[in-house]
Amino acid sequence: MKISSLQKERAAYQPKMPPVLQHDLHAVDGKATESVADRDEVKKLFPHTYGLPTVTFEAGATAEEKKPINVGVILSGGQAPGGHNVIAGLFDGIKNIHKESKLYGFLMGPAGLIDHKYIELTSDIIDEYRNTGGFDIIGSGRTKLETKEQFDKGLTILHELGISALVIIGGDDSNTNACVLAEYYKEINAGVQVIGCPKTIDGDLKNEQIETSFGFDTATKVYSEVIGNIQRDCNSARKYWHFIKLMGRSASHIALECALKTQPNVCIISEEVEAKEQSLDDIVKQIATAVAERAEDGNNFGTVLIPEGLIEFIPAMRALISELNDVLAQKEAELAGVSKEDLPKEVIKYLSEKNAEILSELPAEVAQQLTADRDPHGNVQVSLIETEKLLATLVEEKLAKWKKEGKYTGKFAVQRHFFGYEGRCAAPSNFDSDYCYSLGYTASQLIASGKTGYMSSVRNLTKSVKEWIPGGIPITMMMNIERRHGEQKPVIRKALVDLEGKPFKTFAANRGEWARKTCYIYPGPIQYFGPESVCDMPTETLKLEHE
């Protein structure tokens, strides 16, 4: 198989990892833990895995004889750069424990465990995928592990293969499922440990112990490169405003990180919109004001960054979407034969006066997306709404109105973009290559230490790799109770952008200048070879959080 020159060089790259992981280890238990909220409820649901201590490692062999370990691994949910290195670190870790250890990969996500579809991951296979992007070594999927029937089906193949530990590489939902699975297997004495690894490019799986999820570094560097390229083009042609939507439905970490890297004219942070109870018109005015002020200086160009989930953070739009979900479910029969084009006019008849007015004022295409595009549960598919198109259209209308009133004299031409899949399977940065390998290797040590219901953790990430601290954090420690699909369920709490945190405050302190002036930064492509200051630096977010 032909591979690129970069792939050849990256295949030879040996990820750096904390020195402690290069020795025989024993686990050191820290203090007992509690969940972030709803402690009584979470404890009741997880009696066997609640309150476990945090774990770190020290050099020094245990007295126990090393034995072979058979481990299973699952890639769950959306892709994130570095997943292959987690698997490589896990493989090398269990092989270092005993050369007869085996690693089995379940195919296409959790469904592979339930359907008993797997392959043994040998060194020949692993070596092909070291330091590469994607999840194609075994594929990924979004099947949720939630029911006793699924757990028991999985246990059948785990016992058949002699697997005593399962590693689930995923985001907050996948790791919540991992915790539920760990609790069940512990309750029935199944003899199977379950360990999680923190994955998501969205950056919303983090806390004091999990400083960042893997893939966030690489994805934001990929997006920032392209944003920088657009800004260079923008500053060259000087005739377009570029509206750029970025991944991040539940939080705005990607948008914020890319803003800190590239210094666009406008960046909307969903969490701030919600906190200030801003309306759609407030956001439109903010962008239009930047356009008008730059036009006064003769600059009819600029860039606007928009998080994917913005619509759901606007209180009035969230109320509209909530009522739409109810109406579309309750009036399904009455609306069944209505065309997509006519659906908004029909749906308005069933809405409250306030929400009817909001829907009627939206551009026709957006109104159609809100009413016609639904997921399997009958809910509006917010991620499909072209927010960048909505805002560009409304800003154009606002500027036309201002022009008639003599408040604006510039020119406004728009280009629209959505950066999403482009970043999910990129070749991992040196940071993600090193971090992911260490996460996988740490998972092997948690397994060797007999831990279950833990997430692999590597801390102190703004320092040199020599100072990184590997360990484990009980997954129950991250949990609270939330309402999901009409039921109260234990879930890992998502980390939203902290409006009191240093990253947001740094952005807020500078955005006024960025809005009026042209302060663009052009980060360029990810660098894999060269000085540490270019190749190994973590995200701006992580650096600011740890200043």
# chains A, B, ... in the order shown; residues from 1 in each chain; ligands from 1
>>> select_by_dssp(residues="range 109-290 of chain A", states="strand (DSSP E or B)", output="number ranges by chain")
A: 118-120, 141, 165-170, 193-199, 214, 241-246, 266-267
>>> write_last_selection(atoms="N, CA and C atoms", output="compact mmCIF listing (two decimals), in the first residue's frame")
# COMPACT_ATOMS: atom_id res chain seq x y z
N TYR A 118 -15.08 -8.59 16.02
CA TYR A 118 -13.82 -8.14 16.58
C TYR A 118 -12.65 -8.63 15.74
N ILE A 119 -11.48 -8.07 15.99
CA ILE A 119 -10.24 -8.61 15.44
C ILE A 119 -9.18 -8.55 16.54
N GLU A 120 -8.21 -9.45 16.49
CA GLU A 120 -7.07 -9.32 17.38
C GLU A 120 -6.12 -8.30 16.78
N GLY A 141 -18.59 3.89 16.24
CA GLY A 141 -20.05 3.91 16.11
C GLY A 141 -20.68 4.57 17.32
N ALA A 165 -10.45 -7.09 30.83
CA ALA A 165 -10.57 -5.63 30.92
C ALA A 165 -11.00 -5.06 29.58
N LEU A 166 -11.84 -4.04 29.65
CA LEU A 166 -12.36 -3.39 28.45
C LEU A 166 -12.06 -1.89 28.56
N VAL A 167 -11.47 -1.33 27.49
CA VAL A 167 -11.17 0.11 27.45
C VAL A 167 -12.10 0.76 26.44
N ILE A 168 -12.86 1.75 26.89
CA ILE A 168 -13.78 2.47 26.02
C ILE A 168 -13.24 3.88 25.80
N ILE A 169 -12.95 4.19 24.55
CA ILE A 169 -12.38 5.49 24.18
C ILE A 169 -13.52 6.33 23.63
N GLY A 170 -13.93 7.36 24.37
CA GLY A 170 -15.10 8.13 23.93
C GLY A 170 -15.27 9.43 24.69
N GLN A 193 -12.85 -5.64 34.17
CA GLN A 193 -12.65 -4.24 34.51
C GLN A 193 -13.06 -3.37 33.32
N VAL A 194 -13.47 -2.13 33.60
CA VAL A 194 -13.80 -1.19 32.53
C VAL A 194 -13.09 0.13 32.81
N ILE A 195 -12.33 0.60 31.80
CA ILE A 195 -11.57 1.84 31.89
C ILE A 195 -11.98 2.75 30.73
N GLY A 196 -12.10 4.04 30.99
CA GLY A 196 -12.44 4.99 29.94
C GLY A 196 -11.26 5.87 29.56
N CYS A 197 -11.33 6.47 28.37
CA CYS A 197 -10.33 7.45 27.93
C CYS A 197 -11.06 8.68 27.39
N PRO A 198 -10.61 9.91 27.75
CA PRO A 198 -11.35 11.13 27.42
C PRO A 198 -11.13 11.63 26.00
N LYS A 199 -12.12 11.44 25.14
CA LYS A 199 -12.02 11.83 23.73
C LYS A 199 -13.14 12.78 23.36
N PHE A 214 -8.60 14.47 24.41
CA PHE A 214 -7.67 14.37 23.28
C PHE A 214 -8.38 14.70 21.96
N TRP A 241 -16.91 39.58 3.72
CA TRP A 241 -17.05 39.18 5.12
C TRP A 241 -17.27 37.67 5.12
N HIS A 242 -16.41 36.95 5.84
CA HIS A 242 -16.49 35.50 5.92
C HIS A 242 -17.17 35.08 7.22
N PHE A 243 -18.29 34.37 7.10
CA PHE A 243 -19.01 33.84 8.25
C PHE A 243 -18.66 32.36 8.37
N ILE A 244 -18.00 32.00 9.48
CA ILE A 244 -17.42 30.66 9.63
C ILE A 244 -18.04 29.95 10.83
N LYS A 245 -18.78 28.87 10.55
CA LYS A 245 -19.34 28.06 11.64
C LYS A 245 -18.34 26.96 11.99
N LEU A 246 -18.19 26.72 13.30
CA LEU A 246 -17.23 25.73 13.79
C LEU A 246 -17.93 24.69 14.64
N VAL A 266 -14.94 39.16 14.79
CA VAL A 266 -16.04 38.83 15.70
C VAL A 266 -16.00 37.33 15.99
N CYS A 267 -16.22 36.97 17.24
CA CYS A 267 -16.43 35.58 17.62
C CYS A 267 -17.56 35.55 18.64
>>> residues_around(residues="Ala251 in chain A", least_positions_apart="3", cutoff="7 Å", atoms="only C-alpha atoms", output="PyMOL selection string")
chain A and resi 204+248+496-497
>>> write_last_selection(atoms="N, CA, C and O atoms", output="compact mmCIF listing (two decimals), in the first residue's frame")
# COMPACT_ATOMS: atom_id res chain seq x y z
N ASP A 204 -15.34 19.60 25.66
CA ASP A 204 -16.26 19.76 26.79
C ASP A 204 -16.19 18.62 27.79
O ASP A 204 -17.01 18.54 28.70
N GLY A 248 -18.99 22.27 17.65
CA GLY A 248 -19.19 22.58 19.06
C GLY A 248 -20.64 22.88 19.35
O GLY A 248 -21.02 24.03 19.54
N LEU A 496 -18.65 23.65 30.13
CA LEU A 496 -18.91 24.77 29.24
C LEU A 496 -17.80 25.80 29.37
O LEU A 496 -16.98 25.74 30.28
N VAL A 497 -17.76 26.76 28.45
CA VAL A 497 -16.79 27.85 28.56
C VAL A 497 -17.07 28.61 29.85
O VAL A 497 -18.20 29.04 30.11
>>> closest_residue(among="A:Leu25, A:Leu362, A:Ala88, A:Ile314", to="Ser279 in chain A", atoms="only C-alpha atoms")
A:Ile314
>>> atom_distance(atom1="CA of Ala190 in chain A", atom2="CA of Gly472 in chain A")
21.6 Å
>>> closest_atom_pairs(of="range 208-295 of chain A", to="range 507-524 of chain A", cutoff="8 Å", atoms="only C-alpha atoms", output="CSV")
residue,atom,partner,partner_atom,distance
A:Lys221,CA,A:Pro523,CA,7.9
A:Ser224,CA,A:Pro523,CA,6.6
A:Glu225,CA,A:Gly524,CA,4.9
A:Val226,CA,A:Gly524,CA,7.9
A:Ile227,CA,A:Tyr522,CA,8.0
A:Gly228,CA,A:Tyr522,CA,4.3
A:Asn229,CA,A:Tyr522,CA,6.8
A:Gln231,CA,A:Tyr520,CA,6.7
A:Arg232,CA,A:Tyr522,CA,7.3
A:Leu256,CA,A:Phe507,CA,7.6
A:Ala259,CA,A:Phe507,CA,7.5
A:Leu260,CA,A:Phe507,CA,6.5
A:Lys261,CA,A:Ile521,CA,6.8
A:Thr262,CA,A:Ile521,CA,4.5
A:Gln263,CA,A:Tyr520,CA,5.2
A:Pro264,CA,A:Tyr520,CA,6.2
A:Asn265,CA,A:Ala515,CA,4.0
A:Val266,CA,A:Ala515,CA,5.8
A:Ala290,CA,A:Ala515,CA,5.7
A:Glu293,CA,A:Arg516,CA,6.5
A:Arg294,CA,A:Arg516,CA,5.5
>>> closest_residue(among="A:Tyr435, A:Phe529, A:Tyr129, A:Tyr350", to="Asp217 in chain A", atoms="only C-alpha atoms")
A:Tyr435
>>> closest_atom_pairs(of="range 9-123 of chain A", to="range 147-162 of chain A", cutoff="8 Å", atoms="only C-alpha atoms", output="tab-separated table")
residue	atom	partner	partner_atom	distance
A:Asn70	CA	A:Gly162	CA	6.2
A:Gly72	CA	A:Leu158	CA	7.8
A:Leu113	CA	A:Gly154	CA	5.2
A:Ile114	CA	A:Gly154	CA	4.9
A:Asp115	CA	A:Lys153	CA	7.7
A:His116	CA	A:Ile157	CA	6.1
>>> atom_distance(atom1="CA of Asn355 in chain A", atom2="CA of Ala288 in chain A")
24.3 Å
>>> residues_around(residues="range 448-460 of chain A", least_positions_apart="6", cutoff="8 Å", atoms="only C-alpha atoms", output="ChimeraX atom specification")
/A:26-27,49,97,175,178-179,182-183,193-198,209-211,435,438-440,442,467-476
>>> atom_distance(atom1="CA of Asp172 in chain A", atom2="CA of Ile321 in chain A")
24.0 Å
>>> select_by_dssp(residues="range 190-372 of chain A", states="alpha helix (DSSP H)", output="ChimeraX atom specification")
/A:216-237,253-262,270-275,280-296,310-313,315-330,332-335,343-348,353-361,364-372
>>> residues_around(residues="Phe46 in chain A", least_positions_apart="5", cutoff="12 Å", atoms="only C-alpha atoms", output="PDB file with N, CA and C atoms, in the first residue's frame")
ATOM      1  N   GLU A  34     -16.063  12.223  45.617  1.00  0.00           N
ATOM      2  CA  GLU A  34     -17.519  12.340  45.556  1.00  0.00           C
ATOM      3  C   GLU A  34     -17.898  12.930  44.212  1.00  0.00           C
ATOM      4  N   SER A  35     -19.120  12.717  43.784  1.00  0.00           N
ATOM      5  CA  SER A  35     -19.574  13.253  42.508  1.00  0.00           C
ATOM      6  C   SER A  35     -19.686  14.778  42.573  1.00  0.00           C
ATOM      7  N   ARG A  39     -25.032  13.953  44.996  1.00  0.00           N
ATOM      8  CA  ARG A  39     -24.202  12.875  45.532  1.00  0.00           C
ATOM      9  C   ARG A  39     -24.999  11.671  46.025  1.00  0.00           C
ATOM     10  N   ASP A  40     -26.086  11.902  46.713  1.00  0.00           N
ATOM     11  CA  ASP A  40     -26.875  10.779  47.228  1.00  0.00           C
ATOM     12  C   ASP A  40     -27.448   9.941  46.087  1.00  0.00           C
ATOM     13  N   GLU A  41     -27.969  10.644  45.074  1.00  0.00           N
ATOM     14  CA  GLU A  41     -28.573   9.918  43.936  1.00  0.00           C
ATOM     15  C   GLU A  41     -27.520   9.119  43.170  1.00  0.00           C
ATOM     16  N   GLY A  51     -17.211   6.761  45.106  1.00  0.00           N
ATOM     17  CA  GLY A  51     -16.337   7.121  46.221  1.00  0.00           C
ATOM     18  C   GLY A  51     -14.940   6.552  46.141  1.00  0.00           C
ATOM     19  N   LEU A  52     -14.571   5.980  44.985  1.00  0.00           N
ATOM     20  CA  LEU A  52     -13.229   5.415  44.836  1.00  0.00           C
ATOM     21  C   LEU A  52     -12.179   6.517  44.925  1.00  0.00           C
ATOM     22  N   THR A 176     -19.874   7.782  30.328  1.00  0.00           N
ATOM     23  CA  THR A 176     -20.995   7.501  31.229  1.00  0.00           C
ATOM     24  C   THR A 176     -21.429   6.049  31.071  1.00  0.00           C
ATOM     25  N   CYS A 179     -19.031   3.741  32.717  1.00  0.00           N
ATOM     26  CA  CYS A 179     -19.205   3.698  34.170  1.00  0.00           C
ATOM     27  C   CYS A 179     -20.368   2.786  34.566  1.00  0.00           C
ATOM     28  N   VAL A 180     -21.458   2.872  33.817  1.00  0.00           N
ATOM     29  CA  VAL A 180     -22.623   2.011  34.067  1.00  0.00           C
ATOM     30  C   VAL A 180     -22.229   0.552  33.861  1.00  0.00           C
ATOM     31  N   LEU A 181     -21.452   0.304  32.806  1.00  0.00           N
ATOM     32  CA  LEU A 181     -20.998  -1.059  32.510  1.00  0.00           C
ATOM     33  C   LEU A 181     -20.064  -1.569  33.616  1.00  0.00           C
ATOM     34  N   ALA A 182     -19.155  -0.723  34.075  1.00  0.00           N
ATOM     35  CA  ALA A 182     -18.235  -1.109  35.146  1.00  0.00           C
ATOM     36  C   ALA A 182     -18.999  -1.473  36.414  1.00  0.00           C
ATOM     37  N   GLU A 183     -20.036  -0.670  36.729  1.00  0.00           N
ATOM     38  CA  GLU A 183     -20.858  -0.927  37.912  1.00  0.00           C
ATOM     39  C   GLU A 183     -21.563  -2.274  37.810  1.00  0.00           C
ATOM     40  N   TYR A 184     -22.133  -2.549  36.628  1.00  0.00           N
ATOM     41  CA  TYR A 184     -22.880  -3.797  36.449  1.00  0.00           C
ATOM     42  C   TYR A 184     -21.946  -5.018  36.541  1.00  0.00           C
ATOM     43  N   TYR A 185     -20.806  -4.954  35.865  1.00  0.00           N
ATOM     44  CA  TYR A 185     -19.871  -6.082  35.888  1.00  0.00           C
ATOM     45  C   TYR A 185     -19.302  -6.308  37.293  1.00  0.00           C
ATOM     46  N   LYS A 186     -19.144  -5.215  38.056  1.00  0.00           N
ATOM     47  CA  LYS A 186     -18.670  -5.342  39.436  1.00  0.00           C
ATOM     48  C   LYS A 186     -19.761  -5.973  40.308  1.00  0.00           C
ATOM     49  N   GLU A 187     -20.997  -5.544  40.087  1.00  0.00           N
ATOM     50  CA  GLU A 187     -22.122  -6.046  40.873  1.00  0.00           C
ATOM     51  C   GLU A 187     -22.304  -7.553  40.722  1.00  0.00           C
ATOM     52  N   GLY A 453     -13.966   1.247  36.550  1.00  0.00           N
ATOM     53  CA  GLY A 453     -14.777   2.450  36.726  1.00  0.00           C
ATOM     54  C   GLY A 453     -13.946   3.713  36.744  1.00  0.00           C
ATOM     55  N   PRO A 474     -11.901   8.308  39.214  1.00  0.00           N
ATOM     56  CA  PRO A 474     -13.173   7.574  39.171  1.00  0.00           C
ATOM     57  C   PRO A 474     -14.192   8.342  38.316  1.00  0.00           C
ATOM     58  N   ILE A 475     -14.847   7.641  37.419  1.00  0.00           N
ATOM     59  CA  ILE A 475     -15.788   8.320  36.523  1.00  0.00           C
ATOM     60  C   ILE A 475     -16.966   8.891  37.303  1.00  0.00           C
ATOM     61  N   THR A 476     -17.358   8.223  38.396  1.00  0.00           N
ATOM     62  CA  THR A 476     -18.491   8.737  39.187  1.00  0.00           C
ATOM     63  C   THR A 476     -18.203  10.134  39.745  1.00  0.00           C
ATOM     64  N   MET A 477     -16.930  10.474  39.881  1.00  0.00           N
ATOM     65  CA  MET A 477     -16.546  11.779  40.411  1.00  0.00           C
ATOM     66  C   MET A 477     -17.024  12.918  39.500  1.00  0.00           C
ATOM     67  N   MET A 479     -19.847  12.926  37.709  1.00  0.00           N
ATOM     68  CA  MET A 479     -21.256  12.777  37.373  1.00  0.00           C
ATOM     69  C   MET A 479     -22.201  13.685  38.146  1.00  0.00           C
ATOM     70  N   ASN A 480     -23.315  13.956  37.480  1.00  0.00           N
ATOM     71  CA  ASN A 480     -24.471  14.560  38.130  1.00  0.00           C
ATOM     72  C   ASN A 480     -25.717  13.945  37.491  1.00  0.00           C
ATOM     73  N   PRO A 490     -28.001   9.562  35.296  1.00  0.00           N
ATOM     74  CA  PRO A 490     -26.654   9.985  35.679  1.00  0.00           C
ATOM     75  C   PRO A 490     -25.815  10.214  34.423  1.00  0.00           C
TER      76      PRO A 490
END
>>> residues_around(residues="Ile481 in chain A", least_positions_apart="4", cutoff="8 Å", atoms="only C-alpha atoms", output="list in words")
Ala37, Asp38, Glu41, Val42, Gln488, Lys489, Pro490 and Val491 of chain A
>>> write_last_selection(atoms="C-alpha atoms", output="PDB file, in the first residue's frame")
ATOM      1  CA  ALA A  37     -23.392  17.102  42.316  1.00  0.00           C
ATOM      2  CA  ASP A  38     -26.427  15.002  43.315  1.00  0.00           C
ATOM      3  CA  GLU A  41     -28.573   9.918  43.936  1.00  0.00           C
ATOM      4  CA  VAL A  42     -25.298   9.073  42.148  1.00  0.00           C
ATOM      5  CA  GLN A 488     -33.553  11.598  35.177  1.00  0.00           C
ATOM      6  CA  LYS A 489     -30.214   9.965  34.328  1.00  0.00           C
ATOM      7  CA  PRO A 490     -26.654   9.985  35.679  1.00  0.00           C
ATOM      8  CA  VAL A 491     -24.306  11.647  33.170  1.00  0.00           C
TER       9      VAL A 491
END
>>> residues_around(residues="Asn96 in chain A", least_positions_apart="5", cutoff="12 Å", atoms="only C-alpha atoms", output="ChimeraX atom specification")
/A:21-25,66-69,89-91,101-102,441,444-445,448
>>> write_last_selection(atoms="N, CA and C atoms", output="PDB file, in the first residue's frame")
ATOM      1  N   LEU A  21       6.228   6.254  33.540  1.00  0.00           N
ATOM      2  CA  LEU A  21       5.619   5.159  32.801  1.00  0.00           C
ATOM      3  C   LEU A  21       6.653   4.233  32.164  1.00  0.00           C
ATOM      4  N   GLN A  22       7.906   4.636  32.201  1.00  0.00           N
ATOM      5  CA  GLN A  22       8.962   3.818  31.598  1.00  0.00           C
ATOM      6  C   GLN A  22       9.566   2.822  32.589  1.00  0.00           C
ATOM      7  N   HIS A  23       8.947   2.736  33.769  1.00  0.00           N
ATOM      8  CA  HIS A  23       9.424   1.811  34.815  1.00  0.00           C
ATOM      9  C   HIS A  23       8.315   0.832  35.187  1.00  0.00           C
ATOM     10  N   ASP A  24       8.691  -0.183  35.947  1.00  0.00           N
ATOM     11  CA  ASP A  24       7.672  -0.983  36.611  1.00  0.00           C
ATOM     12  C   ASP A  24       6.980  -0.082  37.631  1.00  0.00           C
ATOM     13  N   LEU A  25       5.670  -0.227  37.759  1.00  0.00           N
ATOM     14  CA  LEU A  25       4.895   0.716  38.557  1.00  0.00           C
ATOM     15  C   LEU A  25       4.050   0.025  39.617  1.00  0.00           C
ATOM     16  N   LYS A  66       3.849 -11.013  37.316  1.00  0.00           N
ATOM     17  CA  LYS A  66       3.196 -10.478  36.120  1.00  0.00           C
ATOM     18  C   LYS A  66       2.602 -11.622  35.305  1.00  0.00           C
ATOM     19  N   LYS A  67       1.351 -11.427  34.909  1.00  0.00           N
ATOM     20  CA  LYS A  67       0.666 -12.443  34.109  1.00  0.00           C
ATOM     21  C   LYS A  67       0.117 -11.810  32.838  1.00  0.00           C
ATOM     22  N   PRO A  68      -0.115 -12.610  31.788  1.00  0.00           N
ATOM     23  CA  PRO A  68      -0.697 -12.058  30.564  1.00  0.00           C
ATOM     24  C   PRO A  68      -2.094 -11.489  30.830  1.00  0.00           C
ATOM     25  N   ILE A  69      -2.417 -10.424  30.128  1.00  0.00           N
ATOM     26  CA  ILE A  69      -3.735  -9.794  30.242  1.00  0.00           C
ATOM     27  C   ILE A  69      -4.365  -9.734  28.851  1.00  0.00           C
ATOM     28  N   GLY A  89      -0.575   2.928  22.635  1.00  0.00           N
ATOM     29  CA  GLY A  89      -0.050   3.001  23.999  1.00  0.00           C
ATOM     30  C   GLY A  89      -0.590   1.881  24.866  1.00  0.00           C
ATOM     31  N   LEU A  90      -1.875   1.573  24.705  1.00  0.00           N
ATOM     32  CA  LEU A  90      -2.491   0.464  25.440  1.00  0.00           C
ATOM     33  C   LEU A  90      -1.832  -0.856  25.055  1.00  0.00           C
ATOM     34  N   PHE A  91      -1.618  -1.061  23.768  1.00  0.00           N
ATOM     35  CA  PHE A  91      -0.993  -2.295  23.271  1.00  0.00           C
ATOM     36  C   PHE A  91       0.417  -2.445  23.836  1.00  0.00           C
ATOM     37  N   SER A 101       0.352 -11.041  26.493  1.00  0.00           N
ATOM     38  CA  SER A 101      -0.911 -10.292  26.584  1.00  0.00           C
ATOM     39  C   SER A 101      -1.483 -10.078  25.187  1.00  0.00           C
ATOM     40  N   LYS A 102      -2.817  -9.984  25.102  1.00  0.00           N
ATOM     41  CA  LYS A 102      -3.472  -9.799  23.800  1.00  0.00           C
ATOM     42  C   LYS A 102      -4.445  -8.622  23.847  1.00  0.00           C
ATOM     43  N   TYR A 441      -1.205   4.093  27.529  1.00  0.00           N
ATOM     44  CA  TYR A 441      -0.264   3.376  28.381  1.00  0.00           C
ATOM     45  C   TYR A 441      -0.722   3.428  29.841  1.00  0.00           C
ATOM     46  N   SER A 444      -3.348   0.894  30.567  1.00  0.00           N
ATOM     47  CA  SER A 444      -2.811  -0.456  30.801  1.00  0.00           C
ATOM     48  C   SER A 444      -2.363  -0.620  32.246  1.00  0.00           C
ATOM     49  N   GLN A 445      -1.826   0.450  32.840  1.00  0.00           N
ATOM     50  CA  GLN A 445      -1.375   0.376  34.232  1.00  0.00           C
ATOM     51  C   GLN A 445      -2.545   0.370  35.218  1.00  0.00           C
ATOM     52  N   ALA A 448      -3.622  -3.177  35.123  1.00  0.00           N
ATOM     53  CA  ALA A 448      -2.689  -4.023  35.881  1.00  0.00           C
ATOM     54  C   ALA A 448      -2.860  -3.834  37.387  1.00  0.00           C
TER      55      ALA A 448
END
